[in-house]
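Below: the structure, in structure tokens.
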Amino acid sequence: MKLRRYVSGAVLAACCVFAVPLAAHAADLPPLSHSLTLQAPKPAPALKLKDLDGQTHDLVRLRGRVVLINFWATWCPPCRREMPSMERLSQALQGEAFSVLAVDVGEDADTIDAFTAQLDATPTFPVLLDTRSRALQAWKVAGLPTTFLVDRQGRIVASAIGGREFDHPDIIRAIRELLNR
Amino acid sequence: MRLLTLTLLAVWSALASASTDISVDAETGLTTWQTETAGIQVRLTQISPDQARAFYLARGFSAAAAERYASECVFMTVVRNIGDVPIQHRLADWRYESAGQPPRPIRSKAAWERRWKQQGVPEAARIAFTWAQLPATQTFAPGDWNQGMTSYSVPRGGTFDLRFAWRAGAKTHSGKLEQLRCADEAS
């Protein structure tokens, strides 16, 4: 991890060079939404991936918790913009039966560290590596970012396509309703 | 006949209510076109050749492959559901038309994928390319949106009209952005 942090610093500048030009001026950015689309519960596909430190995370082992699963990449502008709100959401629901898993598509740990090192608050939730985008395909993701909400029974109950402000009261309320069931 | 009339009326009303906002980023000089009609918002922002090159070189493309993509007219494209009902997006239904050319479909991700494989672009770079493009198909619930690149075979500084289409309920709708201009090499 220390080595990765060191390398991260070295590649940070390069990451900024390539990421920023594709994002328009802040005032002109497409706004983030705050809606979740509820759906009839259906079993979530398998999700078993390694995180940045090589530790394996399996969605099945989070049964009994409400889980927010976000598919993203560092070069995806709305993904970058929504990431801080996901950390704030995670903090807001700390101590409750709620977890966040961020699944990065096709990138390595150094690239991800270079991005998260720029954030005001480094994500405390696991960032998983879907190097060959197999998980995205299994979850039938068509575009980034895409987010799913999985209930305590391991069923997808809501989704969100496109960037969100995850700590918006509407989203926190929806998650609390699931936690209280 | 009645169905045809209703369809034409629906299309006409969609077009009639659309207006296009055009803005230029003071910092980059790049132009954005945005229109809203019948529950959909479509927004295209120029991507300069340098930006396209840099982006794909950073993702692992060879210089030749990155140059190939940068030679296209590339836009960052946003599709957003601003209505109350789900909409079905299918990029294959979009058409663009430049002077003296018949309407053409946008080159698909699958077509690009074949080209990149032939050019030996690494898998990781191809994965990044695939996910960086506007999705080929998507169902947008109210509030949903996607952002991705679309590319057009139009020369630098050239202009074209884009007709986008989507389905809502059982109806097919379409809208149009006119006189979109490709970024210059120097943008």
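Note on naming: chains are A, B, ... as they come in the structure tokens, residues start from 1 per chain, ligands start from 1 in the order shown.
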Task: Spatial neighbours of segment 163-176 of chain B, max dist 9 Å, only C-alpha atoms, sep filter under 4 positions, as a ChimeraX atom specification - done: /B:7,10-11,14-15,18,35-40,42,85-91,93-97
Open item on the list: Could you go through segment 42-144 of chain A and tell me which residues DSSP, when run on the backbone, assigns to strand (DSSP E or B), listing them as a PyMOL selection string?
Closed with: chain A and resi 42-43+48-51+56-58+66-72+98-105+127-130
Task: Shell of 12 Å around Ser48 of chain B, only C-alpha atoms, local chain residues under 6 positions omitted, as a PyMOL selection string - done: (chain A and resi 21-22) or (chain B and resi 28-31+54-55+69-76+149+151+156-157+181-187)
- [ ] Tell me the residues of chain B close to chain A, meaning within 7 Å using only C-alpha atoms, as a ChimeraX atom specification.
- [x] /B:25,51,54-55,58,124,127-128,131,135,138,141,143-146
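Coordinates place atom CA of Val60 of chain A at a distance of 16.6 Å from atom CA of Val127 of chain A.
Within 7 Å of Asp130 of chain A, once only C-alpha atoms are used and residues closer than 4 positions along the same chain are dropped, the contacting residues are Leu49, Val103, Asp104, Val105, Gly106, Arg134 and Ala135 of chain A.
For Arg68 of chain B, the set of protein, DNA and RNA residues having any atom at most 12 Å away, when counting only C-alpha atoms and skipping those fewer than 4 positions along the same chain, is Pro49, Ala52, Arg53, Tyr56, Leu57, Phe61, Ser62, Ala63, Ala64, Glu72, Cys73, Val74, Trp112, Arg115, Trp116, Gln119, Val121, Ser151 and Ser153 of chain B.
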Task: Selected residue of minimal separation from Thr137 of chain B among B:Ser98, B:Ser23, B:Gln34, B:Ser108, counting only C-alpha atoms - done: B:Ser108
TODO: Report the residues of segment 47-170 of chain B whose backbone DSSP state falls under helix (DSSP H, G or I), written as a ChimeraX atom specification.
DONE: /B:49-58,63-70,91-93,109-118,123-132
- [ ] Work out how far apart atom CA of Asn81 of chain B and atom CA of Lys109 of chain B are and give it in Å to one decimal.
- [x] 22.4 Å
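The protein and nucleic acid residues lying at most 12 Å from Glu177 of chain A are A:Val66, A:Phe98, A:Asp151, A:Arg152, A:Val157, A:Asp170, A:Ile171, A:Ile172, A:Arg173, A:Arg181, with only C-alpha atoms considered and sequence neighbours fewer than 4 positions away removed.
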Go ahead and save the residues from that selection, with C-alpha atoms, as a short mmCIF file (atom, residue, chain, number, x, y, z; two decimals), in the first residue's frame.
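The result, written out as part-v8.cif:
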```cif
data_model
loop_
_atom_site.label_atom_id
_atom_site.label_comp_id
_atom_site.auth_asym_id
_atom_site.auth_seq_id
_atom_site.Cartn_x
_atom_site.Cartn_y
_atom_site.Cartn_z
CA VAL A 66 -28.21 -3.05 2.50
CA PHE A 98 -25.18 -0.55 5.23
CA ASP A 151 -31.54 -5.20 0.04
CA ARG A 152 -30.82 -7.37 3.07
CA VAL A 157 -34.40 -3.23 -5.43
CA ASP A 170 -34.09 11.55 -0.95
CA ILE A 171 -31.48 8.84 -1.39
CA ILE A 172 -30.67 8.59 2.32
CA ARG A 173 -34.40 8.28 3.03
CA ARG A 181 -37.74 -3.25 6.85
#
```
TODO: Quick one: pull the distance between atom CA of Gln147 of chain B and atom CA of Val79 of chain B, Å, one decimal.
DONE: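 It comes out at 6.7 Å.
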Task: Pick from B:Trp33, B:Phe140, B:Phe129, B:Tyr152, whichever lies nearest to Pro103 of chain B using only C-alpha atoms - done: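 Smallest distance to Pro103 of chain B is found for B:Tyr152.
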